[in-house]
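Working notes for the structure below.
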Amino acid sequence: MKVFTVIGYSNSGKTETITRIIKELVGRGHVVHAVKSVHIEGFTIETEGKDSWRFWQAGAKTTAIRADNETTIIVRKSMNAKELLPFFQGDYVIFEGFHDEVTLPKILCATDPEELEERFNESVFAISGRIADTMTSYKGVKIINGLTNIRELVDLIEVKAIESEKVQR
């Protein structure tokens, strides 16, 4: 299974880029999974007072909610990429965020050169997002418009994404 992450600030084009990457990879016959990192203090998908919340309050380390159309498993700890990977089987896992995971190859989405400067490092293999409207490369890394040139971006992903076994913590 191959893995990579898409990083960048809010409103830089991450979600739309990831959505188009997923559609293109699936269109090429791949099984794709996505993991989103949320940076909101105190965030939980639980609803206070509901049964699964009460199970957690009683001491359960993991709770699960099964409905007719989905199942959610809630593990009561923040997990890094390596810890999350065993939950998936397929061809690709796309992480959104996880900028601190140094072994994950990265697509950096940005709106301006200042954001590029702040987030750019040696793990970035492509740049996309709103910045693609004004620049074509940065420090030798190609800037690819994920809205108009998704095939080129996914071609690069197929080369640069790493096997899940190479993810370290």
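Each chain in the structure tokens gets a letter, A, B, ..., in the order shown, and its residues are numbered from 1; ligands are numbered from 1 in order too.
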
List the neighbours of range 124-138 of chain A out to 12 Å using only C-alpha atoms; skip same-chain residues closer than 6 positions along the sequence, and give me the result as a VMD selection string. chain A and resid 4 to 18 20 to 21 99 101 to 117 144 to 150 152 to 162

Once you have the residues from the selection above, write them out as a compact mmCIF listing (two decimals), in the first residue's frame, restricted to N, CA and C atoms.
# COMPACT_ATOMS: atom_id res chain seq x y z
N PHE A 4 1.10 8.91 1.18
CA PHE A 4 1.63 10.27 1.08
C PHE A 4 0.67 11.18 1.82
N THR A 5 1.05 12.44 1.98
CA THR A 5 0.17 13.38 2.65
C THR A 5 0.08 14.68 1.87
N VAL A 6 -1.01 15.37 2.05
CA VAL A 6 -1.21 16.70 1.48
C VAL A 6 -1.28 17.66 2.66
N ILE A 7 -0.40 18.66 2.65
CA ILE A 7 -0.32 19.61 3.76
C ILE A 7 -0.57 21.03 3.26
N GLY A 8 -0.82 21.93 4.18
CA GLY A 8 -1.01 23.33 3.85
C GLY A 8 -1.97 23.98 4.83
N TYR A 9 -2.06 25.28 4.74
CA TYR A 9 -2.96 26.02 5.61
C TYR A 9 -4.40 25.93 5.13
N SER A 10 -5.34 26.33 5.99
CA SER A 10 -6.76 26.37 5.61
C SER A 10 -6.94 27.24 4.39
N ASN A 11 -7.85 26.83 3.54
CA ASN A 11 -8.21 27.56 2.32
C ASN A 11 -7.08 27.63 1.29
N SER A 12 -6.13 26.70 1.37
CA SER A 12 -5.04 26.69 0.38
C SER A 12 -5.36 25.80 -0.81
N GLY A 13 -6.43 25.01 -0.72
CA GLY A 13 -6.81 24.12 -1.80
C GLY A 13 -6.62 22.65 -1.49
N LYS A 14 -6.32 22.30 -0.23
CA LYS A 14 -6.07 20.91 0.16
C LYS A 14 -7.25 19.99 -0.13
N THR A 15 -8.42 20.35 0.35
CA THR A 15 -9.57 19.46 0.22
C THR A 15 -9.92 19.20 -1.23
N GLU A 16 -9.96 20.24 -2.04
CA GLU A 16 -10.30 20.05 -3.45
C GLU A 16 -9.22 19.24 -4.16
N THR A 17 -7.96 19.48 -3.84
CA THR A 17 -6.87 18.71 -4.44
C THR A 17 -6.99 17.24 -4.06
N ILE A 18 -7.22 16.96 -2.79
CA ILE A 18 -7.36 15.57 -2.33
C ILE A 18 -8.56 14.91 -2.99
N ARG A 20 -9.91 15.50 -5.86
CA ARG A 20 -9.60 15.20 -7.26
C ARG A 20 -8.57 14.08 -7.38
N ILE A 21 -7.61 14.03 -6.47
CA ILE A 21 -6.64 12.93 -6.46
C ILE A 21 -7.35 11.61 -6.24
N HIS A 99 1.77 17.07 8.86
CA HIS A 99 2.98 17.73 8.38
C HIS A 99 4.21 17.39 9.20
N GLU A 101 4.99 14.40 10.20
CA GLU A 101 5.43 13.04 9.87
C GLU A 101 6.54 13.14 8.83
N VAL A 102 7.78 13.08 9.26
CA VAL A 102 8.91 13.37 8.39
C VAL A 102 9.12 12.35 7.28
N THR A 103 8.68 11.11 7.47
CA THR A 103 8.91 10.10 6.43
C THR A 103 7.83 10.10 5.35
N LEU A 104 6.73 10.80 5.56
CA LEU A 104 5.68 10.84 4.55
C LEU A 104 6.04 11.82 3.44
N PRO A 105 6.03 11.39 2.18
CA PRO A 105 6.20 12.33 1.08
C PRO A 105 5.00 13.27 1.05
N LYS A 106 5.26 14.53 0.67
CA LYS A 106 4.22 15.55 0.82
C LYS A 106 3.94 16.33 -0.46
N ILE A 107 2.65 16.63 -0.63
CA ILE A 107 2.22 17.64 -1.58
C ILE A 107 1.86 18.85 -0.73
N LEU A 108 2.47 19.97 -1.02
CA LEU A 108 2.23 21.19 -0.26
C LEU A 108 1.26 22.08 -1.02
N CYS A 109 0.12 22.37 -0.43
CA CYS A 109 -0.83 23.32 -1.01
C CYS A 109 -0.62 24.67 -0.33
N ALA A 110 -0.59 25.71 -1.15
CA ALA A 110 -0.33 27.04 -0.62
C ALA A 110 -1.11 28.08 -1.42
N THR A 111 -1.25 29.25 -0.80
CA THR A 111 -1.91 30.37 -1.50
C THR A 111 -0.91 31.42 -1.94
N ASP A 112 0.25 31.49 -1.26
CA ASP A 112 1.22 32.54 -1.60
C ASP A 112 2.64 32.07 -1.24
N PRO A 113 3.65 32.79 -1.70
CA PRO A 113 5.05 32.39 -1.44
C PRO A 113 5.40 32.31 0.04
N GLU A 114 4.76 33.12 0.88
CA GLU A 114 5.05 33.07 2.32
C GLU A 114 4.67 31.70 2.90
N GLU A 115 3.53 31.17 2.48
CA GLU A 115 3.12 29.85 2.96
C GLU A 115 4.09 28.77 2.46
N LEU A 116 4.56 28.91 1.23
CA LEU A 116 5.55 27.97 0.72
C LEU A 116 6.79 27.97 1.60
N GLU A 117 7.27 29.16 1.89
CA GLU A 117 8.49 29.30 2.69
C GLU A 117 8.32 28.69 4.08
N ILE A 144 1.95 22.12 -9.63
CA ILE A 144 0.97 21.52 -10.54
C ILE A 144 -0.42 21.92 -10.10
N ASN A 145 -1.19 22.47 -10.98
CA ASN A 145 -2.57 22.85 -10.68
C ASN A 145 -3.42 21.59 -10.59
N GLY A 146 -3.86 21.25 -9.39
CA GLY A 146 -4.66 20.06 -9.17
C GLY A 146 -6.06 20.16 -9.72
N LEU A 147 -6.49 21.34 -10.08
CA LEU A 147 -7.82 21.52 -10.65
C LEU A 147 -7.82 21.28 -12.16
N THR A 148 -6.74 21.68 -12.82
CA THR A 148 -6.70 21.59 -14.29
C THR A 148 -5.75 20.53 -14.81
N ASN A 149 -4.87 20.01 -13.95
CA ASN A 149 -3.86 19.07 -14.42
C ASN A 149 -3.70 17.90 -13.44
N ILE A 150 -4.84 17.34 -13.04
CA ILE A 150 -4.82 16.28 -12.02
C ILE A 150 -4.09 15.03 -12.51
N GLU A 152 -1.37 14.79 -14.35
CA GLU A 152 0.06 14.95 -14.13
C GLU A 152 0.41 14.81 -12.66
N LEU A 153 -0.43 15.38 -11.79
CA LEU A 153 -0.18 15.27 -10.35
C LEU A 153 -0.26 13.82 -9.89
N VAL A 154 -1.25 13.08 -10.35
CA VAL A 154 -1.39 11.68 -9.96
C VAL A 154 -0.29 10.81 -10.57
N ASP A 155 0.14 11.13 -11.78
CA ASP A 155 1.30 10.42 -12.34
C ASP A 155 2.50 10.55 -11.41
N LEU A 156 2.72 11.74 -10.88
CA LEU A 156 3.82 11.99 -9.97
C LEU A 156 3.61 11.25 -8.64
N ILE A 157 2.39 11.24 -8.16
CA ILE A 157 2.06 10.51 -6.92
C ILE A 157 2.40 9.03 -7.07
N GLU A 158 2.05 8.45 -8.21
CA GLU A 158 2.31 7.03 -8.42
C GLU A 158 3.81 6.72 -8.35
N VAL A 159 4.65 7.69 -8.63
CA VAL A 159 6.10 7.51 -8.56
C VAL A 159 6.64 7.84 -7.16
N LYS A 160 6.14 8.90 -6.54
CA LYS A 160 6.73 9.43 -5.30
C LYS A 160 6.13 8.90 -4.00
N ALA A 161 4.89 8.39 -4.02
CA ALA A 161 4.31 7.84 -2.79
C ALA A 161 5.16 6.66 -2.34
N ILE A 162 5.27 6.45 -1.04
CA ILE A 162 6.12 5.36 -0.53
C ILE A 162 5.26 4.20 -0.04

Can you check which parts of range 38-153 of chain A lie within 6 Å of range 28-34 of chain A? Per residue, the shortest pair of atoms and distance in Å to one decimal, counting only C-alpha atoms, sorted by chain and number, as a Markdown table.
| residue | atom | partner | partner_atom | distance |
| --- | --- | --- | --- | --- |
| A:Gly90 | CA | A:Val31 | CA | 5.0 |
| A:Asp91 | CA | A:Val31 | CA | 5.1 |
| A:Tyr92 | CA | A:Val32 | CA | 4.8 |
| A:Val93 | CA | A:His33 | CA | 4.7 |
| A:Ile94 | CA | A:Ala34 | CA | 4.7 |
| A:Phe95 | CA | A:Ala34 | CA | 5.8 |

* Just the strand (DSSP E) stuff from range 77-157 of chain A, please, per backbone DSSP, written as a PyMOL selection string. => chain A and resi 92-96+106-109+124-128+137-138+141-142

Put those residues in a file: N, CA and C atoms, as a compact mmCIF listing (two decimals), in the first residue's frame.
# COMPACT_ATOMS: atom_id res chain seq x y z
N TYR A 92 -3.81 2.82 -1.78
CA TYR A 92 -3.30 4.12 -1.33
C TYR A 92 -4.00 4.55 -0.04
N VAL A 93 -3.23 5.17 0.84
CA VAL A 93 -3.79 5.93 1.96
C VAL A 93 -3.28 7.36 1.79
N ILE A 94 -4.22 8.29 1.69
CA ILE A 94 -3.89 9.70 1.58
C ILE A 94 -4.14 10.34 2.93
N PHE A 95 -3.11 10.93 3.49
CA PHE A 95 -3.24 11.66 4.73
C PHE A 95 -3.42 13.13 4.40
N GLU A 96 -4.25 13.80 5.17
CA GLU A 96 -4.41 15.26 5.04
C GLU A 96 -3.89 15.84 6.34
N LYS A 106 5.26 14.53 0.67
CA LYS A 106 4.22 15.55 0.82
C LYS A 106 3.94 16.33 -0.46
N ILE A 107 2.65 16.63 -0.63
CA ILE A 107 2.22 17.64 -1.58
C ILE A 107 1.86 18.85 -0.73
N LEU A 108 2.47 19.97 -1.02
CA LEU A 108 2.23 21.19 -0.26
C LEU A 108 1.26 22.08 -1.02
N CYS A 109 0.12 22.37 -0.43
CA CYS A 109 -0.83 23.32 -1.01
C CYS A 109 -0.62 24.67 -0.33
N VAL A 124 8.76 17.47 0.51
CA VAL A 124 7.76 17.95 -0.44
C VAL A 124 8.19 17.54 -1.86
N PHE A 125 7.34 16.75 -2.53
CA PHE A 125 7.66 16.33 -3.90
C PHE A 125 6.83 17.05 -4.95
N ALA A 126 5.77 17.75 -4.52
CA ALA A 126 4.95 18.53 -5.45
C ALA A 126 4.27 19.65 -4.67
N ILE A 127 3.93 20.69 -5.40
CA ILE A 127 3.21 21.82 -4.82
C ILE A 127 1.95 22.02 -5.65
N SER A 128 0.84 22.32 -4.96
CA SER A 128 -0.42 22.56 -5.65
C SER A 128 -1.20 23.61 -4.87
N SER A 137 7.03 26.80 -10.34
CA SER A 137 7.97 25.98 -9.58
C SER A 137 8.47 26.77 -8.37
N TYR A 138 9.03 26.03 -7.41
CA TYR A 138 9.57 26.64 -6.21
C TYR A 138 10.70 25.76 -5.71
N VAL A 141 10.97 22.38 -7.22
CA VAL A 141 9.82 21.48 -7.15
C VAL A 141 8.71 22.07 -8.02
N LYS A 142 8.15 21.22 -8.86
CA LYS A 142 7.12 21.66 -9.79
C LYS A 142 5.82 22.00 -9.05

Identify all residues of chain A in alpha helix (DSSP H) (DSSP on the backbone) and supply them as a PyMOL selection string. chain A and resi 14-27+51-58+81-84+113-119+150-160

Between CA of Arg151 in chain A and CA of Thr19 in chain A lies a distance of 13.0 Å

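If you look at CA of Ile65 in chain A and CA of Leu25 in chain A, they are 28.9 Å away from each other.
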
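Our summary of the geometry notes that CA of Lys139 in chain A is positioned 21.9 Å from CA of Phe98 in chain A.
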